[in-house]
Amino acid sequence: SPNKLFEAMKYGKPSLVSEGTVMGDIVKKERCGETFRYGDIEDFIEKCNLIEKNYDFYALNAYSAFKNKYSWDFMINNLFKEYGVLLNIDI
(Lines give C-alpha, C1' and ligand atoms only; values in the text may rest on other atoms or scores of the structure.)
Protein backbone atom coordinates (compact mmCIF):
# COMPACT_ATOMS: atom_id res chain seq x y z
CA SER A 1 0.00 0.00 0.00
CA PRO A 2 1.46 3.40 -0.96
CA ASN A 3 1.04 4.94 2.49
CA LYS A 4 3.15 8.03 1.84
CA LEU A 5 0.99 8.88 -1.19
CA PHE A 6 -2.17 8.56 0.89
CA GLU A 7 -0.66 10.72 3.62
CA ALA A 8 0.17 13.41 1.07
CA MET A 9 -3.36 13.21 -0.32
CA LYS A 10 -4.83 13.49 3.20
CA TYR A 11 -3.08 16.83 3.64
CA GLY A 12 -3.83 18.08 0.12
CA LYS A 13 -0.27 17.82 -1.17
CA PRO A 14 0.31 17.11 -4.86
CA SER A 15 2.59 14.17 -5.58
CA LEU A 16 5.34 13.46 -8.10
CA VAL A 17 5.96 9.73 -8.55
CA SER A 18 7.50 7.37 -11.07
CA GLU A 19 5.21 6.26 -13.86
CA GLY A 20 4.48 2.58 -14.26
CA THR A 21 3.93 2.02 -10.53
CA VAL A 22 0.82 1.49 -8.43
CA MET A 23 1.32 4.98 -7.02
CA GLY A 24 1.66 6.37 -10.54
CA ASP A 25 -1.62 4.76 -11.53
CA ILE A 26 -3.37 6.34 -8.53
CA VAL A 27 -1.85 9.78 -9.22
CA LYS A 28 -3.00 9.64 -12.85
CA LYS A 29 -6.46 8.36 -11.99
CA GLU A 30 -7.08 10.94 -9.27
CA ARG A 31 -5.26 13.77 -11.07
CA CYS A 32 -3.51 14.63 -7.81
CA GLY A 33 -0.04 15.21 -9.21
CA GLU A 34 2.24 14.07 -12.01
CA THR A 35 4.25 11.02 -12.98
CA PHE A 36 7.68 11.07 -14.58
CA ARG A 37 9.87 8.59 -16.40
CA TYR A 38 12.32 7.15 -13.88
CA GLY A 39 15.84 8.41 -14.56
CA ASP A 40 14.73 11.15 -16.98
CA ILE A 41 15.84 14.40 -15.36
CA GLU A 42 14.25 16.61 -18.05
CA ASP A 43 10.90 14.89 -17.58
CA PHE A 44 11.28 15.23 -13.81
CA ILE A 45 11.93 18.98 -14.07
CA GLU A 46 9.06 19.43 -16.53
CA LYS A 47 6.65 17.66 -14.18
CA CYS A 48 7.88 19.72 -11.20
CA ASN A 49 7.05 22.85 -13.17
CA LEU A 50 3.60 21.50 -14.04
CA ILE A 51 2.88 20.83 -10.39
CA GLU A 52 4.03 24.31 -9.46
CA LYS A 53 1.76 25.90 -12.10
CA ASN A 54 -1.25 23.76 -11.18
CA TYR A 55 -0.65 23.32 -7.47
CA ASP A 56 -4.15 24.25 -6.30
CA PHE A 57 -5.81 21.95 -8.84
CA TYR A 58 -3.71 18.96 -7.79
CA ALA A 59 -4.05 19.78 -4.09
CA LEU A 60 -7.84 19.91 -4.27
CA ASN A 61 -7.99 16.65 -6.22
CA ALA A 62 -5.63 14.97 -3.75
CA TYR A 63 -7.68 15.94 -0.70
CA SER A 64 -10.99 15.15 -2.38
CA ALA A 65 -9.84 11.71 -3.55
CA PHE A 66 -8.49 10.86 -0.11
CA LYS A 67 -11.64 11.98 1.64
CA ASN A 68 -14.00 10.18 -0.75
CA LYS A 69 -12.04 7.03 -1.67
CA TYR A 70 -9.01 6.33 0.49
CA SER A 71 -9.75 7.52 4.03
CA TRP A 72 -10.18 5.03 6.85
CA ASP A 73 -13.82 6.12 7.28
CA PHE A 74 -14.50 5.17 3.67
CA MET A 75 -12.42 1.99 3.72
CA ILE A 76 -13.88 0.59 6.94
CA ASN A 77 -17.35 0.45 5.40
CA ASN A 78 -16.00 -1.38 2.35
CA LEU A 79 -14.12 -3.85 4.55
CA PHE A 80 -17.21 -4.62 6.58
CA LYS A 81 -19.24 -5.15 3.40
CA GLU A 82 -16.59 -7.48 1.94
CA TYR A 83 -16.27 -9.49 5.15
CA GLY A 84 -20.05 -9.71 5.32
CA VAL A 85 -20.12 -11.22 1.82
CA LEU A 86 -17.34 -13.65 2.71
CA LEU A 87 -19.05 -14.71 5.91
CA ASN A 88 -22.51 -14.67 4.28
CA ILE A 89 -23.96 -12.18 6.76
CA ASP A 90 -25.58 -8.76 6.42
CA ILE A 91 -23.56 -5.94 7.93
# chains A, B, ... in the order shown; residues from 1 in each chain; ligands from 1

$ select_by_dssp --residues "range 11-76 of chain A" --states "strand (DSSP E or B)" --output "list of chain:residue names"
A:Ser15, A:Leu16, A:Val17, A:Ser18, A:Gly33, A:Glu34, A:Thr35, A:Phe36

$ residues_around --residues "Tyr11 in chain A" --least-positions-apart "3" --cutoff "12 Å" --atoms "only C-alpha atoms" --output "PDB file with all heavy atoms, in the first residue's frame"
ATOM      1  N   LYS A   4       2.676   6.644   1.928  1.00  0.00           N
ATOM      2  CA  LYS A   4       3.148   8.033   1.840  1.00  0.00           C
ATOM      3  C   LYS A   4       2.297   8.833   0.855  1.00  0.00           C
ATOM      4  O   LYS A   4       2.030  10.008   1.069  1.00  0.00           O
ATOM      5  CB  LYS A   4       4.620   8.101   1.446  1.00  0.00           C
ATOM      6  CG  LYS A   4       5.549   7.557   2.491  1.00  0.00           C
ATOM      7  CD  LYS A   4       5.454   8.356   3.763  1.00  0.00           C
ATOM      8  CE  LYS A   4       6.366   7.769   4.824  1.00  0.00           C
ATOM      9  NZ  LYS A   4       6.109   8.322   6.137  1.00  0.00           N
ATOM     10  N   LEU A   5       1.874   8.205  -0.232  1.00  0.00           N
ATOM     11  CA  LEU A   5       0.993   8.876  -1.188  1.00  0.00           C
ATOM     12  C   LEU A   5      -0.325   9.231  -0.517  1.00  0.00           C
ATOM     13  O   LEU A   5      -0.812  10.356  -0.648  1.00  0.00           O
ATOM     14  CB  LEU A   5       0.751   7.999  -2.418  1.00  0.00           C
ATOM     15  CG  LEU A   5      -0.257   8.548  -3.429  1.00  0.00           C
ATOM     16  CD1 LEU A   5       0.198   9.887  -3.997  1.00  0.00           C
ATOM     17  CD2 LEU A   5      -0.489   7.539  -4.534  1.00  0.00           C
ATOM     18  N   PHE A   6      -0.903   8.288   0.225  1.00  0.00           N
ATOM     19  CA  PHE A   6      -2.173   8.556   0.892  1.00  0.00           C
ATOM     20  C   PHE A   6      -2.025   9.637   1.959  1.00  0.00           C
ATOM     21  O   PHE A   6      -2.935  10.453   2.149  1.00  0.00           O
ATOM     22  CB  PHE A   6      -2.751   7.278   1.503  1.00  0.00           C
ATOM     23  CG  PHE A   6      -3.133   6.250   0.468  1.00  0.00           C
ATOM     24  CD1 PHE A   6      -2.875   4.920   0.676  1.00  0.00           C
ATOM     25  CD2 PHE A   6      -3.744   6.616  -0.727  1.00  0.00           C
ATOM     26  CE1 PHE A   6      -3.221   3.961  -0.267  1.00  0.00           C
ATOM     27  CE2 PHE A   6      -4.094   5.676  -1.684  1.00  0.00           C
ATOM     28  CZ  PHE A   6      -3.835   4.339  -1.440  1.00  0.00           C
ATOM     29  N   GLU A   7      -0.903   9.659   2.641  1.00  0.00           N
ATOM     30  CA  GLU A   7      -0.665  10.719   3.623  1.00  0.00           C
ATOM     31  C   GLU A   7      -0.590  12.078   2.937  1.00  0.00           C
ATOM     32  O   GLU A   7      -1.145  13.061   3.427  1.00  0.00           O
ATOM     33  CB  GLU A   7       0.613  10.449   4.404  1.00  0.00           C
ATOM     34  CG  GLU A   7       0.487   9.297   5.376  1.00  0.00           C
ATOM     35  CD  GLU A   7       1.792   8.925   6.035  1.00  0.00           C
ATOM     36  OE1 GLU A   7       2.828   9.586   5.798  1.00  0.00           O
ATOM     37  OE2 GLU A   7       1.793   7.941   6.798  1.00  0.00           O
ATOM     38  N   ALA A   8       0.090  12.150   1.811  1.00  0.00           N
ATOM     39  CA  ALA A   8       0.168  13.412   1.070  1.00  0.00           C
ATOM     40  C   ALA A   8      -1.231  13.837   0.620  1.00  0.00           C
ATOM     41  O   ALA A   8      -1.593  15.016   0.734  1.00  0.00           O
ATOM     42  CB  ALA A   8       1.090  13.261  -0.140  1.00  0.00           C
ATOM     43  N   PRO A  14       0.103  17.778  -3.581  1.00  0.00           N
ATOM     44  CA  PRO A  14       0.307  17.106  -4.862  1.00  0.00           C
ATOM     45  C   PRO A  14       1.527  16.186  -4.807  1.00  0.00           C
ATOM     46  O   PRO A  14       2.462  16.432  -4.039  1.00  0.00           O
ATOM     47  CB  PRO A  14       0.568  18.249  -5.841  1.00  0.00           C
ATOM     48  CG  PRO A  14       0.000  19.456  -5.186  1.00  0.00           C
ATOM     49  CD  PRO A  14       0.161  19.232  -3.713  1.00  0.00           C
ATOM     50  N   SER A  15       1.506  15.142  -5.598  1.00  0.00           N
ATOM     51  CA  SER A  15       2.590  14.166  -5.581  1.00  0.00           C
ATOM     52  C   SER A  15       3.273  14.058  -6.934  1.00  0.00           C
ATOM     53  O   SER A  15       2.644  14.250  -7.974  1.00  0.00           O
ATOM     54  CB  SER A  15       2.045  12.794  -5.186  1.00  0.00           C
ATOM     55  OG  SER A  15       1.543  12.831  -3.874  1.00  0.00           O
ATOM     56  N   CYS A  32      -3.979  13.968  -9.030  1.00  0.00           N
ATOM     57  CA  CYS A  32      -3.508  14.628  -7.811  1.00  0.00           C
ATOM     58  C   CYS A  32      -2.008  14.888  -7.847  1.00  0.00           C
ATOM     59  O   CYS A  32      -1.369  15.018  -6.812  1.00  0.00           O
ATOM     60  CB  CYS A  32      -3.883  13.805  -6.585  1.00  0.00           C
ATOM     61  SG  CYS A  32      -3.162  12.162  -6.517  1.00  0.00           S
ATOM     62  N   TYR A  58      -4.155  20.264  -8.278  1.00  0.00           N
ATOM     63  CA  TYR A  58      -3.714  18.958  -7.793  1.00  0.00           C
ATOM     64  C   TYR A  58      -4.007  18.790  -6.299  1.00  0.00           C
ATOM     65  O   TYR A  58      -4.384  17.712  -5.857  1.00  0.00           O
ATOM     66  CB  TYR A  58      -2.225  18.754  -8.047  1.00  0.00           C
ATOM     67  CG  TYR A  58      -1.845  18.652  -9.497  1.00  0.00           C
ATOM     68  CD1 TYR A  58      -0.801  19.403 -10.012  1.00  0.00           C
ATOM     69  CD2 TYR A  58      -2.517  17.802 -10.367  1.00  0.00           C
ATOM     70  CE1 TYR A  58      -0.431  19.298 -11.344  1.00  0.00           C
ATOM     71  CE2 TYR A  58      -2.160  17.695 -11.699  1.00  0.00           C
ATOM     72  CZ  TYR A  58      -1.116  18.447 -12.181  1.00  0.00           C
ATOM     73  OH  TYR A  58      -0.754  18.344 -13.489  1.00  0.00           O
ATOM     74  N   ALA A  59      -3.811  19.846  -5.532  1.00  0.00           N
ATOM     75  CA  ALA A  59      -4.048  19.778  -4.090  1.00  0.00           C
ATOM     76  C   ALA A  59      -5.512  19.483  -3.788  1.00  0.00           C
ATOM     77  O   ALA A  59      -5.821  18.638  -2.936  1.00  0.00           O
ATOM     78  CB  ALA A  59      -3.621  21.089  -3.430  1.00  0.00           C
ATOM     79  N   LEU A  60      -6.416  20.149  -4.472  1.00  0.00           N
ATOM     80  CA  LEU A  60      -7.844  19.907  -4.266  1.00  0.00           C
ATOM     81  C   LEU A  60      -8.217  18.488  -4.662  1.00  0.00           C
ATOM     82  O   LEU A  60      -8.952  17.803  -3.940  1.00  0.00           O
ATOM     83  CB  LEU A  60      -8.672  20.916  -5.067  1.00  0.00           C
ATOM     84  CG  LEU A  60     -10.184  20.807  -4.921  1.00  0.00           C
ATOM     85  CD1 LEU A  60     -10.605  21.010  -3.485  1.00  0.00           C
ATOM     86  CD2 LEU A  60     -10.871  21.808  -5.829  1.00  0.00           C
ATOM     87  N   ASN A  61      -7.709  18.021  -5.784  1.00  0.00           N
ATOM     88  CA  ASN A  61      -7.991  16.651  -6.222  1.00  0.00           C
ATOM     89  C   ASN A  61      -7.437  15.629  -5.237  1.00  0.00           C
ATOM     90  O   ASN A  61      -8.076  14.607  -4.973  1.00  0.00           O
ATOM     91  CB  ASN A  61      -7.411  16.398  -7.610  1.00  0.00           C
ATOM     92  CG  ASN A  61      -8.177  17.109  -8.691  1.00  0.00           C
ATOM     93  OD1 ASN A  61      -9.278  17.592  -8.483  1.00  0.00           O
ATOM     94  ND2 ASN A  61      -7.589  17.176  -9.869  1.00  0.00           N
ATOM     95  N   ALA A  62      -6.247  15.895  -4.705  1.00  0.00           N
ATOM     96  CA  ALA A  62      -5.627  14.974  -3.751  1.00  0.00           C
ATOM     97  C   ALA A  62      -6.493  14.843  -2.508  1.00  0.00           C
ATOM     98  O   ALA A  62      -6.829  13.733  -2.085  1.00  0.00           O
ATOM     99  CB  ALA A  62      -4.226  15.463  -3.372  1.00  0.00           C
ATOM    100  N   TYR A  63      -6.874  15.971  -1.928  1.00  0.00           N
ATOM    101  CA  TYR A  63      -7.679  15.937  -0.705  1.00  0.00           C
ATOM    102  C   TYR A  63      -9.043  15.304  -0.960  1.00  0.00           C
ATOM    103  O   TYR A  63      -9.520  14.474  -0.187  1.00  0.00           O
ATOM    104  CB  TYR A  63      -7.841  17.344  -0.122  1.00  0.00           C
ATOM    105  CG  TYR A  63      -8.705  17.330   1.106  1.00  0.00           C
ATOM    106  CD1 TYR A  63      -8.206  16.838   2.306  1.00  0.00           C
ATOM    107  CD2 TYR A  63     -10.022  17.769   1.072  1.00  0.00           C
ATOM    108  CE1 TYR A  63      -8.992  16.792   3.441  1.00  0.00           C
ATOM    109  CE2 TYR A  63     -10.824  17.718   2.196  1.00  0.00           C
ATOM    110  CZ  TYR A  63     -10.305  17.236   3.380  1.00  0.00           C
ATOM    111  OH  TYR A  63     -11.099  17.170   4.496  1.00  0.00           O
ATOM    112  N   SER A  64      -9.669  15.681  -2.047  1.00  0.00           N
ATOM    113  CA  SER A  64     -10.987  15.151  -2.380  1.00  0.00           C
ATOM    114  C   SER A  64     -10.947  13.637  -2.585  1.00  0.00           C
ATOM    115  O   SER A  64     -11.813  12.912  -2.085  1.00  0.00           O
ATOM    116  CB  SER A  64     -11.509  15.848  -3.631  1.00  0.00           C
ATOM    117  OG  SER A  64     -12.765  15.334  -3.987  1.00  0.00           O
ATOM    118  N   ALA A  65      -9.958  13.149  -3.312  1.00  0.00           N
ATOM    119  CA  ALA A  65      -9.841  11.708  -3.553  1.00  0.00           C
ATOM    120  C   ALA A  65      -9.601  10.967  -2.238  1.00  0.00           C
ATOM    121  O   ALA A  65     -10.209   9.916  -1.993  1.00  0.00           O
ATOM    122  CB  ALA A  65      -8.720  11.414  -4.540  1.00  0.00           C
ATOM    123  N   PHE A  66      -8.741  11.508  -1.393  1.00  0.00           N
ATOM    124  CA  PHE A  66      -8.487  10.857  -0.110  1.00  0.00           C
ATOM    125  C   PHE A  66      -9.764  10.780   0.707  1.00  0.00           C
ATOM    126  O   PHE A  66     -10.128   9.717   1.210  1.00  0.00           O
ATOM    127  CB  PHE A  66      -7.406  11.591   0.699  1.00  0.00           C
ATOM    128  CG  PHE A  66      -7.194  10.952   2.039  1.00  0.00           C
ATOM    129  CD1 PHE A  66      -6.395   9.830   2.158  1.00  0.00           C
ATOM    130  CD2 PHE A  66      -7.827  11.449   3.161  1.00  0.00           C
ATOM    131  CE1 PHE A  66      -6.223   9.213   3.390  1.00  0.00           C
ATOM    132  CE2 PHE A  66      -7.666  10.837   4.398  1.00  0.00           C
ATOM    133  CZ  PHE A  66      -6.863   9.720   4.522  1.00  0.00           C
ATOM    134  N   LYS A  67     -10.431  11.897   0.827  1.00  0.00           N
ATOM    135  CA  LYS A  67     -11.642  11.976   1.644  1.00  0.00           C
ATOM    136  C   LYS A  67     -12.731  11.028   1.143  1.00  0.00           C
ATOM    137  O   LYS A  67     -13.400  10.382   1.935  1.00  0.00           O
ATOM    138  CB  LYS A  67     -12.151  13.421   1.642  1.00  0.00           C
ATOM    139  CG  LYS A  67     -13.370  13.651   2.469  1.00  0.00           C
ATOM    140  CD  LYS A  67     -13.764  15.117   2.418  1.00  0.00           C
ATOM    141  CE  LYS A  67     -15.163  15.316   2.946  1.00  0.00           C
ATOM    142  NZ  LYS A  67     -15.642  16.662   2.693  1.00  0.00           N
ATOM    143  N   SER A  71      -9.813   7.292   2.585  1.00  0.00           N
ATOM    144  CA  SER A  71      -9.753   7.523   4.028  1.00  0.00           C
ATOM    145  C   SER A  71     -10.193   6.265   4.780  1.00  0.00           C
ATOM    146  O   SER A  71     -10.881   5.400   4.246  1.00  0.00           O
ATOM    147  CB  SER A  71     -10.662   8.695   4.424  1.00  0.00           C
ATOM    148  OG  SER A  71     -12.023   8.329   4.271  1.00  0.00           O
TER     149      SER A  71
END

$ select_by_dssp --residues "chain A" --states "alpha helix (DSSP H)" --output "ChimeraX atom specification"
/A:3-10,22-30,41-53,55-65,72-87

$ closest_residue --among "A:Glu82, A:Asp56, A:Glu34, A:Asp73" --to "Gly12 in chain A" --atoms "only C-alpha atoms"
A:Asp56

$ residues_around --residues "Thr21 in chain A" --least-positions-apart "2" --cutoff "12 Å" --atoms "only C-alpha atoms" --output "mmCIF file with all heavy atoms, in the first residue's frame"
data_model
loop_
_atom_site.group_PDB
_atom_site.id
_atom_site.type_symbol
_atom_site.label_atom_id
_atom_site.label_comp_id
_atom_site.auth_asym_id
_atom_site.auth_seq_id
_atom_site.Cartn_x
_atom_site.Cartn_y
_atom_site.Cartn_z
ATOM 1 N N SER A 1 0.838 -1.187 0.000
ATOM 2 C CA SER A 1 0.000 0.000 0.000
ATOM 3 C C SER A 1 0.883 1.251 0.000
ATOM 4 O O SER A 1 1.789 1.363 0.819
ATOM 5 C CB SER A 1 -0.899 -0.012 1.227
ATOM 6 O OG SER A 1 -1.652 1.155 1.304
ATOM 7 N N PRO A 2 0.641 2.179 -0.887
ATOM 8 C CA PRO A 2 1.464 3.398 -0.961
ATOM 9 C C PRO A 2 1.080 4.411 0.120
ATOM 10 O O PRO A 2 0.457 5.437 -0.147
ATOM 11 C CB PRO A 2 1.177 3.907 -2.367
ATOM 12 C CG PRO A 2 -0.175 3.369 -2.708
ATOM 13 C CD PRO A 2 -0.306 2.063 -1.976
ATOM 14 N N LEU A 5 1.874 8.205 -0.232
ATOM 15 C CA LEU A 5 0.993 8.876 -1.188
ATOM 16 C C LEU A 5 -0.325 9.231 -0.517
ATOM 17 O O LEU A 5 -0.812 10.356 -0.648
ATOM 18 C CB LEU A 5 0.751 7.999 -2.418
ATOM 19 C CG LEU A 5 -0.257 8.548 -3.429
ATOM 20 C CD1 LEU A 5 0.198 9.887 -3.997
ATOM 21 C CD2 LEU A 5 -0.489 7.539 -4.534
ATOM 22 N N LEU A 16 4.546 13.733 -6.903
ATOM 23 C CA LEU A 16 5.338 13.460 -8.096
ATOM 24 C C LEU A 16 5.955 12.080 -7.897
ATOM 25 O O LEU A 16 6.758 11.882 -6.984
ATOM 26 C CB LEU A 16 6.427 14.519 -8.272
ATOM 27 C CG LEU A 16 7.349 14.353 -9.473
ATOM 28 C CD1 LEU A 16 6.559 14.430 -10.775
ATOM 29 C CD2 LEU A 16 8.426 15.413 -9.446
ATOM 30 N N VAL A 17 5.526 11.114 -8.708
ATOM 31 C CA VAL A 17 5.959 9.732 -8.547
ATOM 32 C C VAL A 17 6.369 9.151 -9.897
ATOM 33 O O VAL A 17 6.020 9.685 -10.949
ATOM 34 C CB VAL A 17 4.855 8.863 -7.905
ATOM 35 C CG1 VAL A 17 4.475 9.387 -6.530
ATOM 36 C CG2 VAL A 17 3.631 8.799 -8.791
ATOM 37 N N SER A 18 7.085 8.044 -9.844
ATOM 38 C CA SER A 18 7.501 7.366 -11.075
ATOM 39 C C SER A 18 6.294 6.764 -11.780
ATOM 40 O O SER A 18 5.412 6.190 -11.139
ATOM 41 C CB SER A 18 8.487 6.243 -10.752
ATOM 42 O OG SER A 18 9.673 6.757 -10.223
ATOM 43 N N GLU A 19 6.293 6.882 -13.106
ATOM 44 C CA GLU A 19 5.212 6.258 -13.863
ATOM 45 C C GLU A 19 5.445 4.750 -13.913
ATOM 46 O O GLU A 19 6.541 4.267 -13.667
ATOM 47 C CB GLU A 19 5.095 6.850 -15.259
ATOM 48 C CG GLU A 19 6.265 6.636 -16.150
ATOM 49 C CD GLU A 19 6.113 7.321 -17.500
ATOM 50 O OE1 GLU A 19 5.401 8.345 -17.600
ATOM 51 O OE2 GLU A 19 6.729 6.831 -18.448
ATOM 52 N N MET A 23 1.510 3.582 -7.420
ATOM 53 C CA MET A 23 1.318 4.978 -7.023
ATOM 54 C C MET A 23 1.095 5.862 -8.243
ATOM 55 O O MET A 23 0.254 6.756 -8.219
ATOM 56 C CB MET A 23 2.509 5.479 -6.206
ATOM 57 C CG MET A 23 2.623 4.814 -4.860
ATOM 58 S SD MET A 23 3.963 5.454 -3.835
ATOM 59 C CE MET A 23 5.384 4.997 -4.796
ATOM 60 N N GLY A 24 1.834 5.610 -9.299
ATOM 61 C CA GLY A 24 1.661 6.375 -10.536
ATOM 62 C C GLY A 24 0.270 6.216 -11.104
ATOM 63 O O GLY A 24 -0.336 7.183 -11.578
ATOM 64 N N ASP A 25 -0.259 5.005 -11.044
ATOM 65 C CA ASP A 25 -1.621 4.761 -11.529
ATOM 66 C C ASP A 25 -2.641 5.553 -10.717
ATOM 67 O O ASP A 25 -3.580 6.134 -11.265
ATOM 68 C CB ASP A 25 -1.956 3.272 -11.472
ATOM 69 C CG ASP A 25 -1.122 2.434 -12.426
ATOM 70 O OD1 ASP A 25 -0.509 3.005 -13.364
ATOM 71 O OD2 ASP A 25 -1.085 1.200 -12.232
ATOM 72 N N ILE A 26 -2.456 5.592 -9.398
ATOM 73 C CA ILE A 26 -3.373 6.344 -8.533
ATOM 74 C C ILE A 26 -3.270 7.833 -8.822
ATOM 75 O O ILE A 26 -4.287 8.523 -8.945
ATOM 76 C CB ILE A 26 -3.092 6.044 -7.044
ATOM 77 C CG1 ILE A 26 -3.442 4.589 -6.728
ATOM 78 C CG2 ILE A 26 -3.871 7.002 -6.137
ATOM 79 C CD1 ILE A 26 -2.982 4.118 -5.365
ATOM 80 N N VAL A 27 -2.055 8.348 -8.944
ATOM 81 C CA VAL A 27 -1.854 9.776 -9.215
ATOM 82 C C VAL A 27 -2.513 10.175 -10.535
ATOM 83 O O VAL A 27 -3.188 11.201 -10.622
ATOM 84 C CB VAL A 27 -0.349 10.135 -9.204
ATOM 85 C CG1 VAL A 27 -0.104 11.513 -9.791
ATOM 86 C CG2 VAL A 27 0.189 10.063 -7.780
ATOM 87 N N LYS A 28 -2.359 9.349 -11.552
ATOM 88 C CA LYS A 28 -2.995 9.644 -12.845
ATOM 89 C C LYS A 28 -4.507 9.592 -12.739
ATOM 90 O O LYS A 28 -5.210 10.485 -13.231
ATOM 91 C CB LYS A 28 -2.522 8.656 -13.908
ATOM 92 C CG LYS A 28 -1.129 8.911 -14.412
ATOM 93 C CD LYS A 28 -0.755 7.902 -15.483
ATOM 94 C CE LYS A 28 0.649 8.134 -15.987
ATOM 95 N NZ LYS A 28 1.010 7.160 -17.033
ATOM 96 N N THR A 35 3.311 12.138 -12.945
ATOM 97 C CA THR A 35 4.248 11.023 -12.983
ATOM 98 C C THR A 35 5.378 11.379 -13.945
ATOM 99 O O THR A 35 5.180 12.164 -14.864
ATOM 100 C CB THR A 35 3.570 9.721 -13.452
ATOM 101 O OG1 THR A 35 3.095 9.887 -14.784
ATOM 102 C CG2 THR A 35 2.422 9.339 -12.531
ATOM 103 N N PHE A 36 6.534 10.815 -13.694
ATOM 104 C CA PHE A 36 7.684 11.072 -14.575
ATOM 105 C C PHE A 36 8.367 9.755 -14.909
ATOM 106 O O PHE A 36 8.209 8.756 -14.200
ATOM 107 C CB PHE A 36 8.668 12.047 -13.925
ATOM 108 C CG PHE A 36 9.399 11.483 -12.744
ATOM 109 C CD1 PHE A 36 10.679 10.965 -12.886
ATOM 110 C CD2 PHE A 36 8.804 11.451 -11.493
ATOM 111 C CE1 PHE A 36 11.358 10.436 -11.803
ATOM 112 C CE2 PHE A 36 9.471 10.912 -10.401
ATOM 113 C CZ PHE A 36 10.743 10.409 -10.560
ATOM 114 N N ARG A 37 9.098 9.762 -15.992
ATOM 115 C CA ARG A 37 9.870 8.591 -16.399
ATOM 116 C C ARG A 37 11.099 8.479 -15.498
ATOM 117 O O ARG A 37 11.926 9.392 -15.461
ATOM 118 C CB ARG A 37 10.274 8.681 -17.868
ATOM 119 C CG ARG A 37 9.101 8.546 -18.823
ATOM 120 C CD ARG A 37 9.541 8.628 -20.278
ATOM 121 N NE ARG A 37 10.197 9.884 -20.618
ATOM 122 C CZ ARG A 37 9.561 11.013 -20.937
ATOM 123 N NH1 ARG A 37 8.242 11.058 -20.971
ATOM 124 N NH2 ARG A 37 10.237 12.099 -21.241
ATOM 125 N N TYR A 38 11.210 7.359 -14.806
ATOM 126 C CA TYR A 38 12.321 7.149 -13.883
ATOM 127 C C TYR A 38 13.655 7.347 -14.593
ATOM 128 O O TYR A 38 13.894 6.796 -15.665
ATOM 129 C CB TYR A 38 12.247 5.741 -13.290
ATOM 130 C CG TYR A 38 13.309 5.471 -12.269
ATOM 131 C CD1 TYR A 38 13.173 5.930 -10.972
ATOM 132 C CD2 TYR A 38 14.462 4.768 -12.612
ATOM 133 C CE1 TYR A 38 14.153 5.703 -10.032
ATOM 134 C CE2 TYR A 38 15.452 4.530 -11.671
ATOM 135 C CZ TYR A 38 15.292 5.005 -10.387
ATOM 136 O OH TYR A 38 16.270 4.777 -9.452
#
